[in-house]
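What's in run.cif: mmCIF, N, CA and C atoms
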data_run
loop_
_atom_site.label_atom_id
_atom_site.label_comp_id
_atom_site.auth_asym_id
_atom_site.auth_seq_id
_atom_site.Cartn_x
_atom_site.Cartn_y
_atom_site.Cartn_z
N GLN A 22 43.55 63.43 146.88
CA GLN A 22 43.48 62.06 146.39
C GLN A 22 42.25 61.88 145.52
N VAL A 23 42.36 61.02 144.51
CA VAL A 23 41.26 60.74 143.60
C VAL A 23 40.70 59.37 143.90
N TYR A 24 39.40 59.27 143.96
CA TYR A 24 38.71 58.01 144.20
C TYR A 24 37.87 57.64 142.99
N LEU A 25 37.59 56.34 142.86
CA LEU A 25 36.67 55.86 141.84
C LEU A 25 35.41 55.37 142.53
N VAL A 26 34.26 55.79 142.03
CA VAL A 26 32.99 55.44 142.66
C VAL A 26 32.08 54.80 141.61
N GLU A 27 31.74 53.52 141.85
CA GLU A 27 30.84 52.82 140.94
C GLU A 27 29.39 53.03 141.35
N SER A 28 28.50 52.92 140.37
CA SER A 28 27.06 52.96 140.62
C SER A 28 26.36 52.20 139.51
N GLY A 29 25.08 51.91 139.73
CA GLY A 29 24.27 51.29 138.69
C GLY A 29 23.98 49.82 138.88
N GLY A 30 24.58 49.21 139.90
CA GLY A 30 24.30 47.80 140.13
C GLY A 30 22.89 47.60 140.65
N GLY A 31 22.49 46.33 140.74
CA GLY A 31 21.17 46.03 141.26
C GLY A 31 20.76 44.62 140.95
N LEU A 32 19.48 44.35 141.13
CA LEU A 32 18.89 43.04 140.88
C LEU A 32 18.10 43.11 139.58
N VAL A 33 18.35 42.16 138.70
CA VAL A 33 17.67 42.13 137.41
C VAL A 33 17.39 40.69 137.03
N GLN A 34 16.35 40.48 136.27
CA GLN A 34 16.05 39.12 135.80
C GLN A 34 16.94 38.77 134.61
N ALA A 35 17.12 37.49 134.42
CA ALA A 35 17.90 37.02 133.27
C ALA A 35 17.31 37.59 131.98
N GLY A 36 18.21 38.03 131.10
CA GLY A 36 17.77 38.66 129.86
C GLY A 36 17.66 40.17 129.96
N GLY A 37 17.74 40.70 131.16
CA GLY A 37 17.62 42.13 131.36
C GLY A 37 18.94 42.86 131.16
N SER A 38 18.91 44.16 131.42
CA SER A 38 20.07 45.02 131.19
C SER A 38 20.35 45.90 132.39
N LEU A 39 21.61 46.26 132.54
CA LEU A 39 22.04 47.24 133.53
C LEU A 39 23.17 48.06 132.92
N ARG A 40 23.30 49.30 133.40
CA ARG A 40 24.42 50.13 132.98
C ARG A 40 25.18 50.59 134.21
N LEU A 41 26.42 50.17 134.29
CA LEU A 41 27.28 50.57 135.40
C LEU A 41 28.05 51.84 135.03
N SER A 42 28.28 52.67 136.02
CA SER A 42 29.09 53.87 135.85
C SER A 42 30.21 53.86 136.88
N CYS A 43 31.30 54.48 136.53
CA CYS A 43 32.44 54.63 137.44
C CYS A 43 32.97 56.04 137.26
N ALA A 44 32.79 56.86 138.26
CA ALA A 44 33.17 58.26 138.16
C ALA A 44 34.31 58.59 139.11
N ALA A 45 35.21 59.41 138.65
CA ALA A 45 36.28 59.89 139.53
C ALA A 45 35.69 60.88 140.52
N SER A 46 36.18 60.81 141.73
CA SER A 46 35.70 61.69 142.80
C SER A 46 36.90 62.16 143.61
N GLY A 47 36.68 63.08 144.52
CA GLY A 47 37.78 63.61 145.32
C GLY A 47 38.41 64.81 144.63
N ASN A 48 39.73 64.84 144.62
CA ASN A 48 40.47 65.96 144.05
C ASN A 48 40.58 65.81 142.53
N ILE A 49 39.43 65.90 141.85
CA ILE A 49 39.40 65.64 140.41
C ILE A 49 40.14 66.71 139.61
N ASP A 50 40.30 67.89 140.18
CA ASP A 50 41.04 68.93 139.48
C ASP A 50 42.50 68.57 139.29
N SER A 51 42.97 67.60 140.08
CA SER A 51 44.37 67.20 139.98
C SER A 51 44.61 66.12 138.94
N ILE A 52 43.53 65.61 138.33
CA ILE A 52 43.69 64.51 137.36
C ILE A 52 44.42 65.01 136.12
N ASN A 53 45.49 64.30 135.80
CA ASN A 53 46.24 64.60 134.57
C ASN A 53 45.77 63.68 133.45
N ASP A 54 45.62 62.40 133.75
CA ASP A 54 45.21 61.41 132.75
C ASP A 54 44.66 60.19 133.47
N MET A 55 43.44 59.77 133.13
CA MET A 55 42.90 58.56 133.75
C MET A 55 43.60 57.32 133.23
N GLY A 56 44.15 57.40 132.01
CA GLY A 56 44.85 56.25 131.43
C GLY A 56 43.89 55.17 130.99
N ASP A 57 44.45 54.00 130.73
CA ASP A 57 43.62 52.85 130.38
C ASP A 57 42.75 52.49 131.58
N MET A 58 41.55 51.97 131.29
CA MET A 58 40.64 51.63 132.39
C MET A 58 40.03 50.26 132.13
N ALA A 59 39.45 49.69 133.18
CA ALA A 59 38.94 48.33 133.06
C ALA A 59 37.81 48.09 134.04
N TRP A 60 37.02 47.09 133.71
CA TRP A 60 36.02 46.54 134.63
C TRP A 60 36.44 45.12 134.99
N TYR A 61 36.37 44.81 136.27
CA TYR A 61 36.58 43.47 136.79
C TYR A 61 35.32 43.04 137.52
N ARG A 62 35.21 41.75 137.78
CA ARG A 62 34.12 41.25 138.61
C ARG A 62 34.62 40.10 139.45
N GLN A 63 33.94 39.92 140.57
CA GLN A 63 34.28 38.82 141.48
C GLN A 63 33.00 38.20 142.01
N ALA A 64 32.81 36.94 141.68
CA ALA A 64 31.66 36.19 142.17
C ALA A 64 32.03 35.51 143.48
N PRO A 65 31.05 35.18 144.30
CA PRO A 65 31.34 34.53 145.59
C PRO A 65 32.16 33.26 145.41
N GLY A 66 33.24 33.16 146.15
CA GLY A 66 34.07 31.97 146.10
C GLY A 66 34.97 31.86 144.89
N LYS A 67 35.00 32.91 144.07
CA LYS A 67 35.82 32.87 142.86
C LYS A 67 36.82 34.03 142.87
N GLN A 68 37.84 33.87 142.03
CA GLN A 68 38.83 34.93 141.90
C GLN A 68 38.28 36.09 141.07
N ARG A 69 38.85 37.26 141.30
CA ARG A 69 38.47 38.41 140.51
C ARG A 69 38.88 38.18 139.06
N GLU A 70 38.00 38.49 138.12
CA GLU A 70 38.30 38.27 136.72
C GLU A 70 38.10 39.55 135.92
N LEU A 71 38.92 39.68 134.86
CA LEU A 71 38.84 40.84 133.99
C LEU A 71 37.65 40.68 133.05
N VAL A 72 36.84 41.73 132.97
CA VAL A 72 35.64 41.70 132.13
C VAL A 72 35.89 42.44 130.81
N ALA A 73 36.42 43.65 130.91
CA ALA A 73 36.62 44.46 129.71
C ALA A 73 37.64 45.55 129.99
N THR A 74 38.33 45.97 128.94
CA THR A 74 39.30 47.05 129.06
C THR A 74 39.07 48.07 127.95
N ILE A 75 39.51 49.30 128.21
CA ILE A 75 39.44 50.35 127.21
C ILE A 75 40.65 51.26 127.38
N THR A 76 41.32 51.55 126.27
CA THR A 76 42.48 52.42 126.34
C THR A 76 42.05 53.89 126.35
N SER A 77 43.00 54.76 126.58
CA SER A 77 42.70 56.19 126.54
C SER A 77 42.12 56.59 125.19
N GLY A 78 42.56 55.92 124.14
CA GLY A 78 42.09 56.22 122.80
C GLY A 78 40.83 55.51 122.38
N GLY A 79 40.32 54.64 123.26
CA GLY A 79 39.04 54.01 122.98
C GLY A 79 39.10 52.58 122.44
N ARG A 80 40.29 52.00 122.39
CA ARG A 80 40.35 50.60 121.95
C ARG A 80 39.84 49.70 123.07
N VAL A 81 39.04 48.71 122.70
CA VAL A 81 38.37 47.88 123.70
C VAL A 81 38.72 46.40 123.51
N LYS A 82 38.63 45.68 124.62
CA LYS A 82 38.78 44.22 124.64
C LYS A 82 37.79 43.67 125.65
N TYR A 83 37.33 42.44 125.39
CA TYR A 83 36.35 41.82 126.25
C TYR A 83 36.74 40.39 126.59
N ALA A 84 36.32 39.94 127.74
CA ALA A 84 36.41 38.53 128.06
C ALA A 84 35.45 37.77 127.16
N ASP A 85 35.81 36.56 126.81
CA ASP A 85 34.98 35.78 125.91
C ASP A 85 33.56 35.61 126.46
N SER A 86 33.44 35.52 127.76
CA SER A 86 32.15 35.26 128.39
C SER A 86 31.16 36.42 128.23
N VAL A 87 31.64 37.61 127.90
CA VAL A 87 30.74 38.76 127.80
C VAL A 87 30.70 39.38 126.41
N LYS A 88 31.51 38.86 125.50
CA LYS A 88 31.53 39.40 124.13
C LYS A 88 30.14 39.37 123.51
N GLY A 89 29.77 40.46 122.87
CA GLY A 89 28.48 40.55 122.22
C GLY A 89 27.35 40.93 123.14
N ARG A 90 27.60 40.95 124.45
CA ARG A 90 26.55 41.32 125.41
C ARG A 90 26.90 42.59 126.19
N PHE A 91 28.18 42.78 126.48
CA PHE A 91 28.63 43.94 127.26
C PHE A 91 29.35 44.93 126.35
N THR A 92 29.23 46.22 126.69
CA THR A 92 29.94 47.28 125.97
C THR A 92 30.60 48.21 126.97
N ILE A 93 31.90 48.35 126.86
CA ILE A 93 32.64 49.29 127.72
C ILE A 93 32.83 50.59 126.95
N SER A 94 32.69 51.70 127.64
CA SER A 94 32.90 53.01 127.02
C SER A 94 33.38 53.98 128.08
N ARG A 95 33.82 55.14 127.64
CA ARG A 95 34.31 56.14 128.59
C ARG A 95 34.00 57.54 128.07
N GLU A 96 33.89 58.45 128.99
CA GLU A 96 33.67 59.85 128.68
C GLU A 96 34.80 60.61 129.36
N ASN A 97 35.86 60.86 128.60
CA ASN A 97 37.07 61.41 129.19
C ASN A 97 36.84 62.78 129.83
N ALA A 98 36.01 63.59 129.22
CA ALA A 98 35.76 64.93 129.74
C ALA A 98 35.12 64.88 131.13
N LYS A 99 34.44 63.79 131.41
CA LYS A 99 33.78 63.63 132.71
C LYS A 99 34.51 62.65 133.61
N ASN A 100 35.67 62.15 133.13
CA ASN A 100 36.43 61.18 133.93
C ASN A 100 35.54 60.02 134.38
N THR A 101 34.76 59.51 133.45
CA THR A 101 33.77 58.49 133.78
C THR A 101 33.89 57.29 132.84
N LEU A 102 33.74 56.12 133.41
CA LEU A 102 33.78 54.85 132.69
C LEU A 102 32.41 54.20 132.80
N TYR A 103 32.00 53.50 131.74
CA TYR A 103 30.69 52.85 131.72
C TYR A 103 30.83 51.38 131.33
N LEU A 104 29.82 50.60 131.73
CA LEU A 104 29.70 49.23 131.26
C LEU A 104 28.22 48.97 131.02
N GLN A 105 27.85 48.88 129.76
CA GLN A 105 26.47 48.53 129.39
C GLN A 105 26.39 47.01 129.31
N MET A 106 25.51 46.44 130.09
CA MET A 106 25.38 44.98 130.16
C MET A 106 24.00 44.58 129.69
N ASN A 107 23.94 43.85 128.59
CA ASN A 107 22.67 43.39 128.02
C ASN A 107 22.59 41.87 128.08
N ASN A 108 21.38 41.36 127.94
CA ASN A 108 21.16 39.91 127.96
C ASN A 108 21.89 39.27 129.14
N LEU A 109 21.67 39.81 130.31
CA LEU A 109 22.37 39.32 131.49
C LEU A 109 21.97 37.89 131.84
N LYS A 110 22.93 37.15 132.37
CA LYS A 110 22.73 35.76 132.74
C LYS A 110 23.02 35.59 134.23
N PRO A 111 22.46 34.57 134.86
CA PRO A 111 22.73 34.36 136.29
C PRO A 111 24.24 34.27 136.59
N GLU A 112 25.00 33.73 135.66
CA GLU A 112 26.45 33.62 135.88
C GLU A 112 27.18 34.96 135.83
N ASP A 113 26.47 36.02 135.47
CA ASP A 113 27.06 37.37 135.53
C ASP A 113 26.97 37.96 136.93
N THR A 114 26.29 37.27 137.84
CA THR A 114 26.16 37.75 139.20
C THR A 114 27.53 37.86 139.87
N ALA A 115 27.84 39.06 140.36
CA ALA A 115 29.16 39.31 140.95
C ALA A 115 29.19 40.75 141.46
N VAL A 116 30.24 41.06 142.18
CA VAL A 116 30.55 42.45 142.50
C VAL A 116 31.45 42.96 141.38
N TYR A 117 31.08 44.09 140.80
CA TYR A 117 31.81 44.66 139.68
C TYR A 117 32.65 45.85 140.18
N TYR A 118 33.91 45.86 139.76
CA TYR A 118 34.86 46.89 140.17
C TYR A 118 35.43 47.60 138.94
N CYS A 119 35.61 48.89 139.03
CA CYS A 119 36.35 49.60 137.99
C CYS A 119 37.77 49.84 138.46
N ASN A 120 38.65 49.94 137.50
CA ASN A 120 40.08 50.07 137.78
C ASN A 120 40.73 51.02 136.80
N ALA A 121 41.58 51.88 137.32
CA ALA A 121 42.40 52.76 136.49
C ALA A 121 43.84 52.54 136.95
N PRO A 122 44.54 51.60 136.34
CA PRO A 122 45.85 51.19 136.84
C PRO A 122 46.95 52.23 136.69
N GLY A 123 46.73 53.21 135.83
CA GLY A 123 47.75 54.22 135.60
C GLY A 123 47.24 55.63 135.76
N LEU A 124 46.33 55.81 136.71
CA LEU A 124 45.75 57.14 136.92
C LEU A 124 46.85 58.10 137.37
N SER A 125 46.99 59.17 136.63
CA SER A 125 48.04 60.14 136.99
C SER A 125 47.41 61.46 137.41
N THR A 126 48.04 62.06 138.40
CA THR A 126 47.60 63.36 138.91
C THR A 126 48.77 64.32 138.95
N TYR A 127 48.44 65.59 139.00
CA TYR A 127 49.48 66.61 139.10
C TYR A 127 49.07 67.62 140.15
N THR A 128 49.91 67.77 141.14
CA THR A 128 49.67 68.74 142.21
C THR A 128 50.94 69.55 142.41
N ALA A 129 50.92 70.38 143.42
CA ALA A 129 52.11 71.18 143.72
C ALA A 129 53.32 70.29 144.00
N GLY A 130 53.05 69.05 144.39
CA GLY A 130 54.13 68.12 144.66
C GLY A 130 54.66 67.43 143.43
N GLY A 131 54.03 67.69 142.28
CA GLY A 131 54.47 67.09 141.04
C GLY A 131 53.52 66.00 140.57
N PHE A 132 53.99 65.20 139.62
CA PHE A 132 53.18 64.11 139.08
C PHE A 132 53.18 62.92 140.05
N ALA A 133 52.06 62.21 140.02
CA ALA A 133 51.96 60.97 140.80
C ALA A 133 51.09 59.99 140.02
N TRP A 134 51.34 58.72 140.24
CA TRP A 134 50.57 57.66 139.57
C TRP A 134 49.99 56.74 140.62
N ASP A 135 48.81 56.24 140.35
CA ASP A 135 48.11 55.40 141.30
C ASP A 135 47.36 54.29 140.56
N ASP A 136 47.32 53.13 141.16
CA ASP A 136 46.51 52.01 140.70
C ASP A 136 45.18 52.12 141.43
N ALA A 137 44.22 52.83 140.83
CA ALA A 137 42.98 53.18 141.53
C ALA A 137 41.89 52.14 141.30
N TRP A 138 41.18 51.82 142.38
CA TRP A 138 40.06 50.86 142.33
C TRP A 138 38.83 51.51 142.97
N GLY A 139 37.67 51.15 142.45
CA GLY A 139 36.44 51.55 143.09
C GLY A 139 36.08 50.57 144.20
N GLN A 140 35.00 50.88 144.92
CA GLN A 140 34.61 50.06 146.06
C GLN A 140 33.76 48.85 145.65
N GLY A 141 33.29 48.85 144.41
CA GLY A 141 32.50 47.74 143.90
C GLY A 141 31.01 48.02 143.95
N THR A 142 30.30 47.43 143.00
CA THR A 142 28.83 47.51 142.98
C THR A 142 28.28 46.12 142.67
N GLN A 143 27.27 45.72 143.42
CA GLN A 143 26.72 44.37 143.30
C GLN A 143 25.75 44.27 142.13
N VAL A 144 25.96 43.25 141.32
CA VAL A 144 25.02 42.91 140.24
C VAL A 144 24.51 41.51 140.51
N THR A 145 23.19 41.36 140.60
CA THR A 145 22.57 40.07 140.85
C THR A 145 21.57 39.80 139.75
N VAL A 146 21.75 38.66 139.09
CA VAL A 146 20.86 38.28 137.99
C VAL A 146 20.09 37.04 138.41
N SER A 147 18.79 37.15 138.46
CA SER A 147 17.95 36.02 138.87
C SER A 147 17.48 35.24 137.65
N SER A 148 17.33 33.94 137.85
CA SER A 148 16.92 33.08 136.74
C SER A 148 15.41 33.00 136.62
#
Structure encoded using structure tokens:
Amino acid sequence: QVYLVESGGGLVQAGGSLRLSCAASGNIDSINDMGDMAWYRQAPGKQRELVATITSGGRVKYADSVKGRFTISRENAKNTLYLQMNNLKPEDTAVYYCNAPGLSTYTAGGFAWDDAWGQGTQVTVSS
């Protein structure tokens, strides 16, 4: 089985920066294609919201609230997703999750697809 593991969260002052990473772990040799990937976030008492997406080919989209401040990128050879967050605001405080909705693997049992999620990493921005 393949897992997604986020890292890079923490406490930062408003105006500061953080870089989140999301790396595939587990049986990574079985990965056929990570597919399109995304970052979501969930603030206390709020629904999970989509922050940014990136296709296998590198096309990106952002939520209006983070445009011009956040940059999503990926390193396919390392099965890793990134989120560079600049000019952070207190309203960016949330648990950030990475998602690979079409992660495909190939094992002796054949191809399989999974909607993979990481465990989340906390980002706290103080005013």
Can you turn the PyMOL selection byres ((chain A and resi 77-82) around 7) into a concrete residue list for this file, as a compact mmCIF listing (two decimals) with N, CA and C atoms, in the coordinates of the input?
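Below you can see expr.txt, which holds the result:
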# COMPACT_ATOMS: atom_id res chain seq x y z
N MET A 55 43.44 59.77 133.13
CA MET A 55 42.90 58.56 133.75
C MET A 55 43.60 57.32 133.23
N GLY A 56 44.15 57.40 132.01
CA GLY A 56 44.85 56.25 131.43
C GLY A 56 43.89 55.17 130.99
N ASP A 57 44.45 54.00 130.73
CA ASP A 57 43.62 52.85 130.38
C ASP A 57 42.75 52.49 131.58
N MET A 58 41.55 51.97 131.29
CA MET A 58 40.64 51.63 132.39
C MET A 58 40.03 50.26 132.13
N VAL A 72 36.84 41.73 132.97
CA VAL A 72 35.64 41.70 132.13
C VAL A 72 35.89 42.44 130.81
N ALA A 73 36.42 43.65 130.91
CA ALA A 73 36.62 44.46 129.71
C ALA A 73 37.64 45.55 129.99
N THR A 74 38.33 45.97 128.94
CA THR A 74 39.30 47.05 129.06
C THR A 74 39.07 48.07 127.95
N ILE A 75 39.51 49.30 128.21
CA ILE A 75 39.44 50.35 127.21
C ILE A 75 40.65 51.26 127.38
N THR A 76 41.32 51.55 126.27
CA THR A 76 42.48 52.42 126.34
C THR A 76 42.05 53.89 126.35
N TYR A 83 37.33 42.44 125.39
CA TYR A 83 36.35 41.82 126.25
C TYR A 83 36.74 40.39 126.59
N ALA A 84 36.32 39.94 127.74
CA ALA A 84 36.41 38.53 128.06
C ALA A 84 35.45 37.77 127.16
N ILE A 93 31.90 48.35 126.86
CA ILE A 93 32.64 49.29 127.72
C ILE A 93 32.83 50.59 126.95
Quiz prompt | Ground truth for the PyMOL selection byres ((chain A and resi 22) around 6), written as a list in words | solution = Val23, Tyr24, Ser46, Gly47 and Asn48 of chain A
Shell of 7 Å around Ser51 in chain A, all atoms listed in the file, local chain residues under 5 positions omitted, as an mmCIF file with N, CA and C atoms, in the frame of the given file:
data_model
loop_
_atom_site.group_PDB
_atom_site.id
_atom_site.type_symbol
_atom_site.label_atom_id
_atom_site.label_comp_id
_atom_site.auth_asym_id
_atom_site.auth_seq_id
_atom_site.Cartn_x
_atom_site.Cartn_y
_atom_site.Cartn_z
ATOM 1 N N SER A 125 46.990 59.170 136.630
ATOM 2 C CA SER A 125 48.040 60.140 136.990
ATOM 3 C C SER A 125 47.410 61.460 137.410
ATOM 4 N N THR A 126 48.040 62.060 138.400
ATOM 5 C CA THR A 126 47.600 63.360 138.910
ATOM 6 C C THR A 126 48.770 64.320 138.950
ATOM 7 N N TYR A 127 48.440 65.590 139.000
ATOM 8 C CA TYR A 127 49.480 66.610 139.100
ATOM 9 C C TYR A 127 49.070 67.620 140.150
ATOM 10 N N THR A 128 49.910 67.770 141.140
ATOM 11 C CA THR A 128 49.670 68.740 142.210
ATOM 12 C C THR A 128 50.940 69.550 142.410
#
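Of the residues listed (A:Leu25, A:Lys88, A:Gly31, A:Gly36), A:Gly36 shows the shortest atom-to-atom separation from Leu109 in chain A; distances use all atoms listed in the file.
Evaluated against this file, the PyMOL selection byres ((chain A and resi 44) around 7) yields Tyr24, Leu25, Val26, Glu27, Ser28, Ser42, Cys43, Ala45, Ser46, Lys99, Asn100, Thr101 and Leu102 of chain A.
Among A:Ser86, A:Gln68, A:Ser94, A:Gln63, the residue with the shortest atom-to-atom distance to Val116 in chain A, counting only C-alpha atoms, is A:Gln63.
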Practice problem: Could you pull out the residues in chain A that DSSP calls strand (DSSP E) from the backbone, as a ChimeraX atom specification? | Solution: /A:23-28,31-34,39-47,52-54,58-63,70-75,81-83,91-96,101-106,115-128,131-138,142-147
Practice problem: Run DSSP on the backbone and grab whatever in chain A lands in helix (DSSP H, G or I); send it over as a list in words. | Solution: Ile49, Asp50, Ser51, Asn97, Ala98, Lys99, Pro111, Glu112 and Asp113 of chain A
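Considering the residues A:Tyr118, A:Asp54, A:Thr92, A:Tyr103 and counting only C-alpha atoms, Phe132 in chain A has its shortest atom-to-atom contact with A:Asp54.
The interatomic distance for the pair CA of Arg95 in chain A and CA of Val33 in chain A works out to 23.5 Å.
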Quiz item: Which one is closest to Gly141 in chain A: A:Glu112, A:Tyr117, A:Ile52, A:Ala129? Count only N, CA and C atoms.
Solution: A:Tyr117
Self-check item: Selection as a count of residues only: residues within 7 Å of (22.0, 51.2, 132.7), counting all atoms listed in the file
Solution: 8
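Counting only C-alpha atoms and comparing A:Ala98, A:Leu32, A:Ala121, A:Ala115, the residue that lies closest to Lys67 in chain A is A:Ala115.
Across the model, the gap from atom C of Leu124 in chain A to atom N of Phe91 in chain A is 26.5 Å.
Residue nearest Pro65 in chain A within the list A:Asn108, A:Gln143, A:Asn53, A:Asn97: A:Gln143 [criterion: smallest interatomic distance, only C-alpha atoms].
Note that the spacing between atom C of Thr142 in chain A and CA of Arg62 in chain A amounts to 8.6 Å.
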Return the padded bounding box of range 122-125 of chain A as JSON: axis-aligned, built from all atoms listed in the file, 5 Å added on each side, with centre and edge lengths in Å to one decimal.
{"center_x": 46.3, "center_y": 56.3, "center_z": 136.5, "size_x": 13.5, "size_y": 20.3, "size_z": 11.8}
Can you rebuild range 30-38 of chain A with all heavy atoms and give it as a CSV table (one decimal), keeping the file's coordinate frame?
chain,number,residue,atom,x,y,z
A,30,GLY,N,24.6,49.2,139.9
A,30,GLY,CA,24.3,47.8,140.1
A,30,GLY,C,22.9,47.6,140.6
A,30,GLY,O,22.2,48.6,141.0
A,31,GLY,N,22.5,46.3,140.7
A,31,GLY,CA,21.2,46.0,141.3
A,31,GLY,C,20.8,44.6,141.0
A,31,GLY,O,21.6,43.8,140.6
A,32,LEU,N,19.5,44.4,141.1
A,32,LEU,CA,18.9,43.0,140.9
A,32,LEU,C,18.1,43.1,139.6
A,32,LEU,O,17.3,44.0,139.4
A,32,LEU,CB,18.0,42.7,142.0
A,32,LEU,CG,17.1,41.4,141.9
A,32,LEU,CD1,18.1,40.2,141.8
A,32,LEU,CD2,16.2,41.2,143.1
A,33,VAL,N,18.4,42.2,138.7
A,33,VAL,CA,17.7,42.1,137.4
A,33,VAL,C,17.4,40.7,137.0
A,33,VAL,O,18.1,39.8,137.4
A,33,VAL,CB,18.5,42.9,136.3
A,33,VAL,CG1,19.8,42.1,136.1
A,33,VAL,CG2,17.8,43.0,135.1
A,34,GLN,N,16.4,40.5,136.3
A,34,GLN,CA,16.0,39.1,135.8
A,34,GLN,C,16.9,38.8,134.6
A,34,GLN,O,17.4,39.6,133.9
A,34,GLN,CB,14.6,39.0,135.4
A,34,GLN,CG,13.6,39.0,136.5
A,34,GLN,CD,12.2,38.7,136.1
A,34,GLN,OE1,11.8,39.1,135.0
A,34,GLN,NE2,11.4,38.1,137.0
A,35,ALA,N,17.1,37.5,134.4
A,35,ALA,CA,17.9,37.0,133.3
A,35,ALA,C,17.3,37.6,132.0
A,35,ALA,O,16.1,37.6,131.8
A,35,ALA,CB,17.9,35.5,133.2
A,36,GLY,N,18.2,38.0,131.1
A,36,GLY,CA,17.8,38.7,129.9
A,36,GLY,C,17.7,40.2,130.0
A,36,GLY,O,17.5,40.9,128.9
A,37,GLY,N,17.7,40.7,131.2
A,37,GLY,CA,17.6,42.1,131.4
A,37,GLY,C,18.9,42.9,131.2
A,37,GLY,O,19.9,42.3,130.8
A,38,SER,N,18.9,44.2,131.4
A,38,SER,CA,20.1,45.0,131.2
A,38,SER,C,20.4,45.9,132.4
A,38,SER,O,19.4,46.2,133.2
A,38,SER,CB,19.8,45.9,130.0
A,38,SER,OG,19.6,45.2,128.8
